[in-house]
$ cat input20.cif   # mmCIF, C-alpha atoms and all ligand atoms
data_run
loop_
_atom_site.label_atom_id
_atom_site.label_comp_id
_atom_site.auth_asym_id
_atom_site.auth_seq_id
_atom_site.Cartn_x
_atom_site.Cartn_y
_atom_site.Cartn_z
CA MET X 17 -32.10 17.95 60.27
CA ARG X 18 -29.79 20.43 61.98
CA THR X 19 -32.70 22.83 62.24
CA ASP X 20 -36.40 22.04 62.54
CA ILE X 21 -37.74 22.79 59.08
CA VAL X 22 -41.40 22.06 59.84
CA HIS X 23 -43.73 25.06 59.91
CA MET X 24 -45.49 25.53 63.25
CA GLY X 25 -48.86 25.28 61.51
CA ALA X 26 -48.00 22.13 59.51
CA HIS X 27 -50.20 19.87 61.67
CA GLU X 28 -53.25 22.05 60.89
CA LEU X 29 -53.17 21.05 57.21
CA THR X 30 -55.78 18.34 56.85
CA TYR X 31 -58.15 17.59 53.98
CA GLU X 32 -60.29 14.58 54.78
CA ILE X 33 -62.15 14.93 51.44
CA ARG X 34 -59.08 13.61 49.65
CA GLN X 35 -57.43 11.65 52.47
CA ILE X 36 -60.29 9.15 52.37
CA VAL X 37 -59.48 8.48 48.71
CA ASP X 38 -56.37 6.41 49.57
CA VAL X 39 -58.44 4.20 51.87
CA ALA X 40 -61.11 3.79 49.18
CA HIS X 41 -58.54 2.80 46.55
CA LYS X 42 -57.14 0.14 48.87
CA ILE X 43 -60.64 -1.25 49.42
CA LYS X 44 -61.23 -1.25 45.69
CA THR X 45 -58.03 -3.25 45.18
CA ILE X 46 -58.85 -5.77 47.90
CA SER X 47 -62.53 -6.20 47.04
CA GLY X 48 -62.23 -5.86 43.27
CA LYS X 49 -65.42 -3.77 43.34
CA GLU X 50 -65.94 -0.25 42.01
CA ILE X 51 -66.26 2.66 44.43
CA TYR X 52 -69.20 5.06 44.46
CA TRP X 53 -67.43 8.39 44.91
CA GLU X 54 -69.52 10.79 46.94
CA ASN X 55 -66.65 12.61 48.58
CA ILE X 56 -65.47 15.24 46.11
CA GLY X 57 -67.47 18.15 44.69
CA ASP X 58 -66.34 17.59 41.13
CA PRO X 59 -69.34 17.65 38.77
CA ILE X 60 -67.21 16.28 35.91
CA GLN X 61 -66.15 13.23 37.89
CA LYS X 62 -69.85 12.59 38.57
CA GLY X 63 -70.64 12.51 34.86
CA GLU X 64 -71.82 16.03 34.12
CA LYS X 65 -71.54 17.02 30.46
CA ILE X 66 -70.31 20.43 29.30
CA PRO X 67 -72.73 21.95 26.75
CA LEU X 68 -71.46 22.01 23.18
CA TRP X 69 -71.79 25.80 22.80
CA MET X 70 -69.50 26.25 25.81
CA LYS X 71 -66.93 23.84 24.43
CA GLU X 72 -67.02 25.69 21.11
CA ILE X 73 -66.16 28.98 22.83
CA ILE X 74 -63.28 27.28 24.63
CA ALA X 75 -62.14 25.58 21.42
CA ARG X 76 -61.96 28.95 19.64
CA ALA X 77 -59.88 30.33 22.53
CA VAL X 78 -57.55 27.33 22.26
CA HIS X 79 -56.90 28.28 18.63
CA ASP X 80 -55.93 31.83 19.56
CA ASP X 81 -52.19 32.08 20.23
CA LYS X 82 -52.55 35.06 22.55
CA ASN X 83 -54.19 32.81 25.16
CA TYR X 84 -50.91 30.89 25.45
CA GLY X 85 -49.07 33.88 26.92
CA TYR X 86 -48.84 35.31 30.42
CA CYS X 87 -51.53 37.80 31.37
CA PRO X 88 -51.39 40.79 33.74
CA THR X 89 -50.88 39.75 37.37
CA ARG X 90 -54.41 40.85 38.35
CA GLY X 91 -55.82 38.92 35.37
CA LEU X 92 -56.95 39.79 31.84
CA ASN X 93 -58.13 43.41 31.66
CA ASP X 94 -61.18 42.75 29.47
CA THR X 95 -62.42 40.00 31.75
CA ARG X 96 -62.01 42.11 34.89
CA GLU X 97 -63.75 45.05 33.17
CA TYR X 98 -66.61 42.73 32.23
CA LEU X 99 -66.97 41.27 35.74
CA ALA X 100 -66.79 44.70 37.40
CA ALA X 101 -69.45 46.10 35.03
CA GLN X 102 -71.73 43.11 35.71
CA LEU X 103 -71.40 43.58 39.46
CA ASN X 104 -71.91 47.35 39.31
CA ALA X 105 -75.06 46.92 37.22
CA ARG X 106 -76.64 45.05 40.15
CA GLY X 107 -76.62 48.26 42.12
CA GLY X 108 -74.80 47.20 45.30
CA VAL X 109 -71.23 48.10 46.15
CA GLN X 110 -69.38 49.60 43.16
CA ILE X 111 -65.93 48.39 42.07
CA GLN X 112 -63.28 49.02 39.41
CA ALA X 113 -61.58 46.37 37.28
CA ASP X 114 -58.50 46.76 39.50
CA ASP X 115 -60.52 45.59 42.51
CA ILE X 116 -60.50 42.11 40.94
CA LEU X 117 -57.59 39.68 41.29
CA PHE X 118 -57.45 36.36 39.48
CA PHE X 119 -55.99 33.20 41.03
CA ASN X 120 -55.32 29.62 40.01
CA GLY X 121 -58.61 28.46 41.46
CA LEU X 122 -60.01 29.58 44.79
CA GLY X 123 -57.69 27.10 46.47
CA ASP X 124 -54.85 29.44 45.47
CA ALA X 125 -56.84 32.52 46.50
CA VAL X 126 -57.65 31.03 49.91
CA SER X 127 -54.03 30.20 50.65
CA LYS X 128 -53.01 33.80 49.77
CA VAL X 129 -55.87 35.34 51.81
CA TYR X 130 -54.71 33.63 55.01
CA GLY X 131 -51.04 33.32 54.12
CA GLN X 132 -50.66 37.10 53.81
CA LEU X 133 -52.40 37.88 57.10
CA ARG X 134 -50.34 39.00 60.05
CA ARG X 135 -49.77 35.90 62.19
CA GLU X 136 -51.68 37.23 65.21
CA ALA X 137 -54.73 38.25 63.15
CA ARG X 138 -57.41 35.57 63.11
CA VAL X 139 -60.45 34.98 60.89
CA ILE X 140 -63.39 33.27 62.56
CA GLY X 141 -65.18 30.78 60.31
CA PRO X 142 -68.12 28.39 60.43
CA SER X 143 -68.19 24.93 62.01
CA PRO X 144 -68.61 22.65 60.16
CA ALA X 145 -65.99 24.31 58.00
CA TYR X 146 -64.77 23.71 54.48
CA PRO X 147 -61.19 22.54 55.25
CA THR X 148 -59.43 24.58 52.58
CA HIS X 149 -60.37 27.68 54.59
CA SER X 150 -60.10 26.33 58.12
CA SER X 151 -56.77 24.56 57.52
CA ALA X 152 -55.17 27.50 55.72
CA GLU X 153 -56.33 29.92 58.43
CA ALA X 154 -55.17 27.65 61.26
CA ALA X 155 -51.85 26.92 59.57
CA HIS X 156 -51.18 30.64 59.16
CA ALA X 157 -51.77 31.18 62.88
CA GLY X 158 -50.16 27.93 64.07
CA SER X 159 -53.24 27.28 66.25
CA PRO X 160 -56.56 25.48 65.79
CA PRO X 161 -59.34 27.27 63.88
CA ILE X 162 -61.66 29.70 65.71
CA THR X 163 -65.24 28.92 64.78
CA TYR X 164 -68.88 29.91 65.14
CA ARG X 165 -71.46 27.13 65.12
CA LEU X 166 -73.87 26.34 62.30
CA ASP X 167 -76.85 24.74 64.01
CA PRO X 168 -78.34 21.64 62.34
CA ALA X 169 -81.49 22.01 64.46
CA ARG X 170 -82.11 25.43 62.86
CA GLY X 171 -81.44 24.57 59.22
CA TRP X 172 -77.68 25.05 59.71
CA MET X 173 -78.12 28.75 60.48
CA PRO X 174 -75.15 30.42 62.21
CA ASP X 175 -75.28 31.01 65.94
CA LEU X 176 -75.02 34.79 65.73
CA ASP X 177 -74.94 35.27 69.52
CA GLU X 178 -71.92 32.98 69.74
CA LEU X 179 -70.29 34.80 66.82
CA ARG X 180 -70.85 38.19 68.47
CA MET X 181 -69.50 36.99 71.85
CA LYS X 182 -66.39 35.40 70.34
CA VAL X 183 -65.67 38.51 68.30
CA LYS X 184 -66.27 40.78 71.29
CA TYR X 185 -64.01 38.90 73.69
CA ASN X 186 -61.21 37.82 71.34
CA GLU X 187 -59.37 40.86 70.09
CA SER X 188 -57.21 38.83 67.74
CA ILE X 189 -60.26 38.22 65.52
CA ALA X 190 -59.83 40.54 62.55
CA GLY X 191 -62.24 38.98 60.08
CA ILE X 192 -65.40 36.88 59.69
CA MET X 193 -65.56 34.18 57.06
CA ILE X 194 -68.87 33.18 55.46
CA ILE X 195 -69.47 30.48 52.85
CA ASN X 196 -72.80 31.12 51.13
CA PRO X 197 -74.25 28.81 49.83
CA ASP X 198 -72.38 26.65 52.25
CA ASN X 199 -70.12 23.66 51.87
CA PRO X 200 -70.57 21.11 53.56
CA THR X 201 -74.17 21.82 54.62
CA GLY X 202 -75.88 23.09 51.45
CA ALA X 203 -77.41 25.90 53.55
CA VAL X 204 -78.28 29.24 51.97
CA PHE X 205 -78.18 32.08 54.49
CA PRO X 206 -81.03 34.59 54.33
CA ARG X 207 -80.42 38.28 53.82
CA SER X 208 -81.12 39.04 57.50
CA VAL X 209 -78.34 36.65 58.60
CA ILE X 210 -75.76 38.02 56.16
CA THR X 211 -76.73 41.58 57.14
CA GLU X 212 -76.31 40.78 60.84
CA MET X 213 -72.88 39.24 60.26
CA ILE X 214 -71.83 42.35 58.35
CA SER X 215 -73.09 44.59 61.16
CA ILE X 216 -70.99 42.63 63.66
CA ALA X 217 -67.99 43.24 61.38
CA ARG X 218 -68.86 46.94 61.16
CA GLU X 219 -69.32 47.28 64.93
CA PHE X 220 -65.98 45.67 65.77
CA GLY X 221 -63.88 46.98 62.87
CA LEU X 222 -63.43 43.61 61.10
CA PHE X 223 -63.33 42.62 57.44
CA ILE X 224 -65.46 39.97 55.73
CA VAL X 225 -64.21 37.01 53.70
CA ALA X 226 -67.18 35.63 51.74
CA ASP X 227 -66.69 32.50 49.69
CA GLU X 228 -69.40 32.84 47.06
CA ILE X 229 -68.27 30.15 44.63
CA TYR X 230 -71.83 28.68 44.76
CA ILE X 231 -73.72 32.00 44.70
CA ASN X 232 -75.43 31.18 41.37
CA MET X 233 -76.42 27.73 42.58
CA VAL X 234 -79.39 28.52 44.84
CA TYR X 235 -82.61 26.57 44.29
CA ARG X 236 -84.54 27.31 47.50
CA GLY X 237 -84.67 30.82 48.94
CA GLU X 238 -82.84 33.81 47.52
CA PRO X 239 -79.09 34.24 47.16
CA THR X 240 -77.67 37.25 49.02
CA PRO X 241 -74.28 38.15 47.58
CA ILE X 242 -72.43 40.31 50.09
CA SER X 243 -72.00 42.95 47.38
CA SER X 244 -75.70 43.76 47.83
CA VAL X 245 -75.53 44.39 51.60
CA ILE X 246 -71.90 45.12 52.44
CA GLY X 247 -72.31 48.92 52.72
CA ASP X 248 -68.99 50.40 53.78
CA VAL X 249 -67.40 47.31 55.40
CA PRO X 250 -64.11 46.12 53.87
CA ALA X 251 -64.59 42.71 52.29
CA LEU X 252 -63.32 40.06 49.92
CA SER X 253 -65.76 38.06 47.82
CA LEU X 254 -64.31 34.84 46.37
CA LYS X 255 -65.81 33.56 43.12
CA GLY X 256 -64.87 31.06 40.46
CA ILE X 257 -65.87 28.82 37.58
CA SER X 258 -65.06 25.42 39.09
CA LYS X 259 -68.60 24.67 40.21
CA GLU X 260 -70.96 26.71 38.10
CA MET X 261 -69.51 26.30 34.61
CA PRO X 262 -68.46 23.67 35.76
CA TRP X 263 -64.73 23.62 35.01
CA PRO X 264 -62.80 22.67 38.16
CA GLY X 265 -59.76 21.60 36.16
CA SER X 266 -59.38 25.13 34.77
CA ARG X 267 -58.00 26.22 38.17
CA CYS X 268 -59.54 29.64 37.77
CA GLY X 269 -61.15 31.86 40.40
CA TRP X 270 -61.03 35.48 41.50
CA ILE X 271 -61.34 37.81 44.44
CA GLU X 272 -63.50 40.92 44.29
CA VAL X 273 -62.30 43.53 46.79
CA TYR X 274 -64.97 45.79 48.28
CA ASN X 275 -64.36 49.09 50.09
CA GLN X 276 -60.60 49.00 49.77
CA ASP X 277 -60.49 52.78 50.13
CA ARG X 278 -62.30 52.75 53.49
CA ASP X 279 -59.40 51.48 55.55
CA PRO X 280 -55.66 51.98 54.91
CA VAL X 281 -54.68 48.79 56.78
CA PHE X 282 -57.10 46.75 54.67
CA ALA X 283 -55.78 48.45 51.51
CA ARG X 284 -52.19 47.56 52.50
CA TYR X 285 -53.22 43.95 53.13
CA VAL X 286 -54.94 43.78 49.72
CA LYS X 287 -51.76 45.11 48.11
CA SER X 288 -49.87 42.23 49.71
CA LEU X 289 -52.27 39.77 48.01
CA LEU X 290 -51.40 41.36 44.67
CA ASP X 291 -47.68 41.42 45.47
CA ALA X 292 -47.76 37.73 46.45
CA LYS X 293 -49.45 36.90 43.14
CA MET X 294 -46.88 39.03 41.30
CA LEU X 295 -44.12 36.73 42.53
CA GLU X 296 -45.93 33.97 40.62
CA VAL X 297 -46.33 36.29 37.58
CA CYS X 298 -50.03 35.57 36.94
CA SER X 299 -52.78 32.95 36.88
CA THR X 300 -53.74 30.71 33.95
CA THR X 301 -54.80 32.85 31.01
CA LEU X 302 -57.09 30.72 28.86
CA PRO X 303 -60.02 30.16 31.24
CA GLN X 304 -60.08 33.89 32.06
CA ALA X 305 -60.27 34.66 28.34
CA VAL X 306 -63.55 32.75 27.83
CA ILE X 307 -65.46 34.03 30.87
CA PRO X 308 -67.15 37.11 29.28
CA GLU X 309 -68.32 35.19 26.22
CA ILE X 310 -69.62 32.25 28.25
CA PHE X 311 -71.31 34.31 30.99
CA SER X 312 -73.02 36.56 28.44
CA HIS X 313 -74.08 33.74 26.10
CA PRO X 314 -77.89 33.63 25.71
CA GLU X 315 -77.93 29.98 26.78
CA TYR X 316 -75.90 30.44 29.96
CA ARG X 317 -78.64 31.51 32.41
CA PRO X 318 -81.31 29.09 31.10
CA TRP X 319 -78.78 26.28 31.22
CA GLN X 320 -77.83 27.18 34.79
CA MET X 321 -81.47 27.29 35.85
CA LYS X 322 -82.08 23.86 34.38
CA ARG X 323 -79.02 22.55 36.17
CA ASN X 324 -80.20 24.02 39.47
CA GLN X 325 -83.57 22.34 38.98
CA LEU X 326 -81.83 18.99 38.96
CA PHE X 327 -80.17 19.80 42.30
CA ALA X 328 -83.56 20.90 43.64
CA ARG X 329 -85.06 17.53 42.67
CA ARG X 330 -82.11 15.71 44.22
CA SER X 331 -82.57 17.70 47.41
CA GLN X 332 -86.25 16.81 47.59
CA ARG X 333 -85.54 13.14 47.01
CA LEU X 334 -82.88 13.12 49.75
CA ALA X 335 -85.41 14.60 52.16
CA GLU X 336 -87.71 11.64 51.35
CA ILE X 337 -85.02 8.96 51.56
CA PHE X 338 -83.41 10.20 54.79
CA GLY X 339 -86.65 11.48 56.29
CA ALA X 340 -87.85 7.88 56.33
CA ALA X 341 -84.52 6.55 57.66
CA SER X 342 -84.14 6.45 61.38
CA GLY X 343 -81.10 7.68 63.22
CA VAL X 344 -80.10 10.82 61.35
CA HIS X 345 -81.31 14.38 61.14
CA ILE X 346 -81.05 16.00 57.73
CA ASN X 347 -81.51 19.46 56.30
CA PRO X 348 -82.05 19.03 52.57
CA PRO X 349 -79.73 21.43 50.74
CA SER X 350 -81.02 24.76 49.39
CA GLY X 351 -77.91 25.58 47.38
CA ALA X 352 -74.59 24.14 46.17
CA PHE X 353 -74.50 20.33 45.88
CA TYR X 354 -73.71 18.90 49.30
CA PHE X 355 -75.72 17.69 52.23
CA SER X 356 -74.65 16.63 55.69
CA PRO X 357 -76.83 14.25 57.73
CA VAL X 358 -76.09 14.34 61.47
CA PHE X 359 -76.55 11.31 63.72
CA ALA X 360 -79.43 11.94 66.11
CA GLU X 361 -77.83 10.09 69.05
CA PRO X 362 -74.18 9.84 70.16
CA LEU X 363 -72.38 6.99 68.39
CA GLN X 364 -70.92 4.17 70.49
CA SER X 365 -67.46 2.73 69.92
CA ARG X 366 -68.86 -0.82 69.56
CA MET X 367 -71.14 0.04 66.62
CA ARG X 368 -70.19 -1.53 63.30
CA LEU X 369 -71.47 -2.80 59.97
CA GLY X 370 -71.23 -6.45 59.01
CA ILE X 371 -68.43 -6.83 56.45
CA LYS X 372 -68.43 -10.20 54.69
CA ASN X 373 -65.06 -10.00 52.95
CA ASP X 374 -62.49 -10.98 55.64
CA ARG X 375 -59.59 -9.12 54.00
CA VAL X 376 -61.59 -5.93 53.64
CA ARG X 377 -62.77 -6.22 57.25
CA ASP X 378 -59.24 -6.81 58.56
CA PHE X 379 -57.91 -3.87 56.54
CA ILE X 380 -60.58 -1.45 57.73
CA ASP X 381 -60.30 -2.61 61.35
CA SER X 382 -56.56 -2.00 61.18
CA LEU X 383 -57.26 1.67 60.46
CA ILE X 384 -59.56 2.18 63.42
CA SER X 385 -58.19 2.93 66.88
CA PRO X 386 -59.85 4.08 70.12
CA THR X 387 -59.13 7.69 69.09
CA THR X 388 -60.82 7.39 65.68
CA PRO X 389 -63.82 9.76 65.62
CA PRO X 390 -66.99 7.61 65.63
CA ASP X 391 -68.38 9.15 62.44
CA LYS X 392 -65.10 8.32 60.68
CA LYS X 393 -65.60 4.72 61.76
CA PHE X 394 -69.08 4.80 60.20
CA VAL X 395 -67.61 6.21 56.99
CA TYR X 396 -64.89 3.52 56.89
CA HIS X 397 -67.44 0.79 57.49
CA LEU X 398 -69.73 2.20 54.79
CA LEU X 399 -66.79 2.07 52.39
CA ALA X 400 -65.91 -1.45 53.41
CA GLN X 401 -69.45 -2.84 53.36
CA ARG X 402 -71.04 -0.91 50.47
CA ASN X 403 -68.12 0.64 48.57
CA ILE X 404 -69.62 4.11 49.02
CA CYS X 405 -67.17 6.91 49.79
CA VAL X 406 -68.46 9.88 51.84
CA VAL X 407 -66.61 12.21 54.22
CA PRO X 408 -67.02 12.26 58.04
CA LEU X 409 -68.26 15.57 59.46
CA SER X 410 -65.44 15.37 62.00
CA GLY X 411 -63.16 16.16 59.02
CA PHE X 412 -64.82 19.60 58.80
CA VAL X 413 -63.71 21.04 62.19
CA CYS X 414 -66.91 19.90 63.79
CA ASP X 415 -67.85 18.10 67.00
CA LEU X 416 -71.08 16.76 65.51
CA SER X 417 -71.11 13.18 64.22
CA GLY X 418 -72.30 12.87 60.67
CA PHE X 419 -71.08 12.76 57.12
CA ARG X 420 -71.08 14.85 53.95
CA ALA X 421 -72.11 13.52 50.56
CA THR X 422 -72.60 15.25 47.23
CA THR X 423 -75.85 15.48 45.27
CA LEU X 424 -74.01 15.47 41.95
CA GLU X 425 -74.77 11.98 40.71
CA GLN X 426 -76.16 12.37 37.20
CA ASP X 427 -77.55 8.87 36.79
CA GLU X 428 -80.97 8.61 38.45
CA GLU X 429 -80.78 4.87 39.17
CA ARG X 430 -77.31 5.12 40.60
CA PHE X 431 -78.39 8.06 42.76
CA GLU X 432 -81.30 6.02 44.16
CA PHE X 433 -79.06 3.03 44.78
CA ILE X 434 -76.32 5.02 46.54
CA PHE X 435 -78.55 6.97 48.89
CA SER X 436 -80.98 4.15 49.66
CA SER X 437 -77.91 2.02 50.52
CA ILE X 438 -76.58 4.69 52.89
CA ALA X 439 -80.02 5.09 54.47
CA ALA X 440 -80.17 1.30 55.02
CA ALA X 441 -76.65 1.17 56.48
CA ILE X 442 -77.43 3.76 59.18
CA PRO X 443 -79.93 1.73 61.27
CA GLU X 444 -77.74 -1.35 60.83
CA PHE X 445 -74.75 0.54 62.27
CA LEU X 446 -76.78 2.10 65.09
CA GLY X 447 -78.52 -1.18 65.97
CA SER X 448 -75.38 -3.30 65.99
CA ILE X 449 -74.72 -3.14 69.73
C1 LIG X 501 -66.57 26.62 49.33
C2 LIG X 501 -65.47 26.31 48.37
N1 LIG X 501 -64.53 27.22 48.12
C3 LIG X 501 -63.52 26.97 47.28
C4 LIG X 501 -63.39 25.75 46.65
C5 LIG X 501 -62.22 25.51 45.74
O1 LIG X 501 -62.51 25.96 44.47
P1 LIG X 501 -61.43 25.98 43.29
O2 LIG X 501 -61.72 24.81 42.42
O3 LIG X 501 -61.71 27.29 42.60
O4 LIG X 501 -60.07 25.94 43.90
C6 LIG X 501 -64.35 24.75 46.87
C7 LIG X 501 -64.21 23.42 46.27
O5 LIG X 501 -64.88 22.48 46.58
C8 LIG X 501 -65.42 25.05 47.76
O6 LIG X 501 -66.35 24.13 48.03
#

$ encode --input "input20.cif" --output "structure tokens" --more "lines below"
Ligand SMILES: Cc1ncc(COP(=O)(O)O)c(C=O)c1O
Amino acid sequence: MRTDIVHMGAHELTYEIRQIVDVAHKIKTISGKEIYWENIGDPIQKGEKIPLWMKEIIARAVHDDKNYGYCPTRGLNDTREYLAAQLNARGGVQIQADDILFFNGLGDAVSKVYGQLRREARVIGPSPAYPTHSSAEAAHAGSPPITYRLDPARGWMPDLDELRMKVKYNESIAGIMIINPDNPTGAVFPRSVITEMISIAREFGLFIVADEIYINMVYRGEPTPISSVIGDVPALSLKGISKEMPWPGSRCGWIEVYNQDRDPVFARYVKSLLDAKMLEVCSTTLPQAVIPEIFSHPEYRPWQMKRNQLFARRSQRLAEIFGAASGVHINPPSGAFYFSPVFAEPLQSRMRLGIKNDRVRDFIDSLISPTTPPDKKFVYHLLAQRNICVVPLSGFVCDLSGFRATTLEQDEERFEFIFSSIAAAIPEFLGSI
């Protein structure tokens, strides 16, 4: 190339959750055995069934020609009116329909949120971090992510002293990002923690980015949507239907903007999010069209509660399985459908699992070098020995060794098999030197 065409942030774009899939497919081909996918938070892939009443609402919308057209750039008016009224009825911050912007899934929203920020302005986020946020933020700045620690020894609660110090001494930090309930830890942050994070933002003149895609999936403790405690701080709350309906293939999510009128710079930035979306015309119409009818259906809340009870049972069972296993520390999830065991001791480069199939062993060994993070080696060996695909914690901007798995498996026996197998593989790996 006559000119370098690579963006300065290109090397920050990493997504281990899907990168591991190529390795798993290769192992499947070589071994001829099926893979147990525990890497991606897709409830449909894990066998979840959509209730018939929900499908009927969607089917009616499919038969309505108007849902085949473009919609307003912000999203369908009726749906935004409905969502704004629902939020306002809860009594926290008050918004108008025009404070809501629809996107093609939160993935799209996240890339606009960071892509439209001034290059020098940084958003500090959690570590471990969900890579869609951390990669997009780092790529926008062309530098590695700036993070505050979630502490596994304190139930994955954020280190608020570290957050305050980093904010205080790094003037480029313009925003604080929160994921609640959290991916990859399954932590649900109490009201006091969210309130403290918001007061740090207020004190230093920052805005909040809160990813609340799992806010209706809390089964231990109470959810604290930022709308209930935000006060006068400018903020974006990111919500969607991928996880809770669950309809990830709809590619439909939205941003609620709070306190736009409190700060002209924030208001100008929000306008740039709308302008960027305008260049794309609008987001997909049909999923937006069904939201009011589905969310207000008499079966929606009971169905969600039942669904959350399953995740609660899964969480409890994981505490039993991994509590009895030596070598890892786990915090059973309180919300969302992920959990992230952390190795209790540093991993050694000579640790390995016995892999009987020579071709599989040779293939996996060819992928491991002295610079491979040790938890990634564990994950590769787990794939090679037991055909179970999880994601190393080092793929989540994190210096802890561990791995993330989902709690989505619908089949009880399969769930038991997968997690008992992982629990058995851990001491074998740790004891192999
Ligand atoms: C915290 C979080 N935010 C956003 C997303 C992406 O959601 P969407 O399907 O709406 O793009 C995910 C997907 O796993 C997620 O875990």

$ residues_near_point --input "input20.cif" --point "(-63.6, 41.2, 56.7)" --cutoff "12 Å" --atoms "only C-alpha atoms" --output "ChimeraX atom specification"
/X:129-130,133,137-141,189-194,213-227,242,246,248-253,273-276,279,281-283,285-286

$ closest_atom_pairs --input "input20.cif" --of "chain X" --to "ligand LIG 501 (chain X)" --cutoff "6 Å" --atoms "all atoms listed in the file" --output "CSV"
residue,atom,partner,partner_atom,distance
X:Gly57,CA,X:LIG501,O5,5.4
X:Gly121,CA,X:LIG501,O3,3.5
X:Leu122,CA,X:LIG501,O3,3.6
X:Gly123,CA,X:LIG501,O4,3.7
X:Ile195,CA,X:LIG501,C1,6.0
X:Asn199,CA,X:LIG501,C1,5.3
X:Asp227,CA,X:LIG501,C1,5.9
X:Ile229,CA,X:LIG501,N1,5.9
X:Gly256,CA,X:LIG501,O3,5.4
X:Ser258,CA,X:LIG501,O2,4.8
X:Pro264,CA,X:LIG501,O2,4.9
X:Arg267,CA,X:LIG501,O2,5.8
X:Cys268,CA,X:LIG501,O3,5.8
X:Gly269,CA,X:LIG501,O3,5.1

$ closest_atom_pairs --input "input20.cif" --of "segment 242-342 of chain X" --to "segment 358-378 of chain X" --cutoff "12 Å" --atoms "only C-alpha atoms" --output "JSON lines"
{"residue": "X:Phe338", "atom": "CA", "partner": "X:Val358", "partner_atom": "CA", "distance": 10.7}
{"residue": "X:Ala341", "atom": "CA", "partner": "X:Phe359", "partner_atom": "CA", "distance": 11.1}
{"residue": "X:Ser342", "atom": "CA", "partner": "X:Ala360", "partner_atom": "CA", "distance": 8.6}

$ residues_around --input "input20.cif" --residues "Gly63 of chain X" --least-positions-apart "2" --cutoff "10 Å" --atoms "all atoms listed in the file" --output "list in words"
Asp58, Pro59, Ile60, Gln61, Lys65, Ile66, Leu424, Glu425, Gln426 and Asp427 of chain X

$ atom_distance --input "input20.cif" --atom1 "atom CA of Phe118 of chain X" --atom2 "atom CA of Val245 of chain X"
23.2 Å

$ atom_distance --input "input20.cif" --atom1 "atom CA of His27 of chain X" --atom2 "atom CA of Lys287 of chain X"
28.7 Å

$ closest_residue --input "input20.cif" --among "X:Lys82, X:His397, X:Arg420, X:Arg323" --to "Ile43 of chain X" --atoms "all atoms listed in the file"
X:His397

$ decode --input "input20.cif" --residues "segment 170-191 of chain X" --atoms "C-alpha atoms" --output "PDB file, in the first residue's frame"
ATOM      1  CA  ARG X 170     -15.053  -9.515  47.396  1.00  0.00           C
ATOM      2  CA  GLY X 171     -17.739 -11.049  45.189  1.00  0.00           C
ATOM      3  CA  TRP X 172     -16.393  -9.206  42.121  1.00  0.00           C
ATOM      4  CA  MET X 173     -17.224  -5.817  43.637  1.00  0.00           C
ATOM      5  CA  PRO X 174     -15.461  -2.836  42.013  1.00  0.00           C
ATOM      6  CA  ASP X 175     -12.432  -1.342  43.712  1.00  0.00           C
ATOM      7  CA  LEU X 176     -13.952   2.098  44.235  1.00  0.00           C
ATOM      8  CA  ASP X 177     -10.762   3.581  45.737  1.00  0.00           C
ATOM      9  CA  GLU X 178      -8.839   2.602  42.621  1.00  0.00           C
ATOM     10  CA  LEU X 179     -11.616   4.009  40.426  1.00  0.00           C
ATOM     11  CA  ARG X 180     -11.590   7.316  42.315  1.00  0.00           C
ATOM     12  CA  MET X 181      -7.774   7.601  42.153  1.00  0.00           C
ATOM     13  CA  LYS X 182      -7.600   6.814  38.442  1.00  0.00           C
ATOM     14  CA  VAL X 183     -10.358   9.315  37.687  1.00  0.00           C
ATOM     15  CA  LYS X 184      -8.736  11.958  39.886  1.00  0.00           C
ATOM     16  CA  TYR X 185      -5.266  11.675  38.382  1.00  0.00           C
ATOM     17  CA  ASN X 186      -6.121  11.026  34.730  1.00  0.00           C
ATOM     18  CA  GLU X 187      -7.820  14.052  33.259  1.00  0.00           C
ATOM     19  CA  SER X 188      -8.503  12.323  29.968  1.00  0.00           C
ATOM     20  CA  ILE X 189     -11.118  10.139  31.703  1.00  0.00           C
ATOM     21  CA  ALA X 190     -14.477  11.573  30.677  1.00  0.00           C
ATOM     22  CA  GLY X 191     -16.769   8.684  31.530  1.00  0.00           C
TER      23      GLY X 191
END
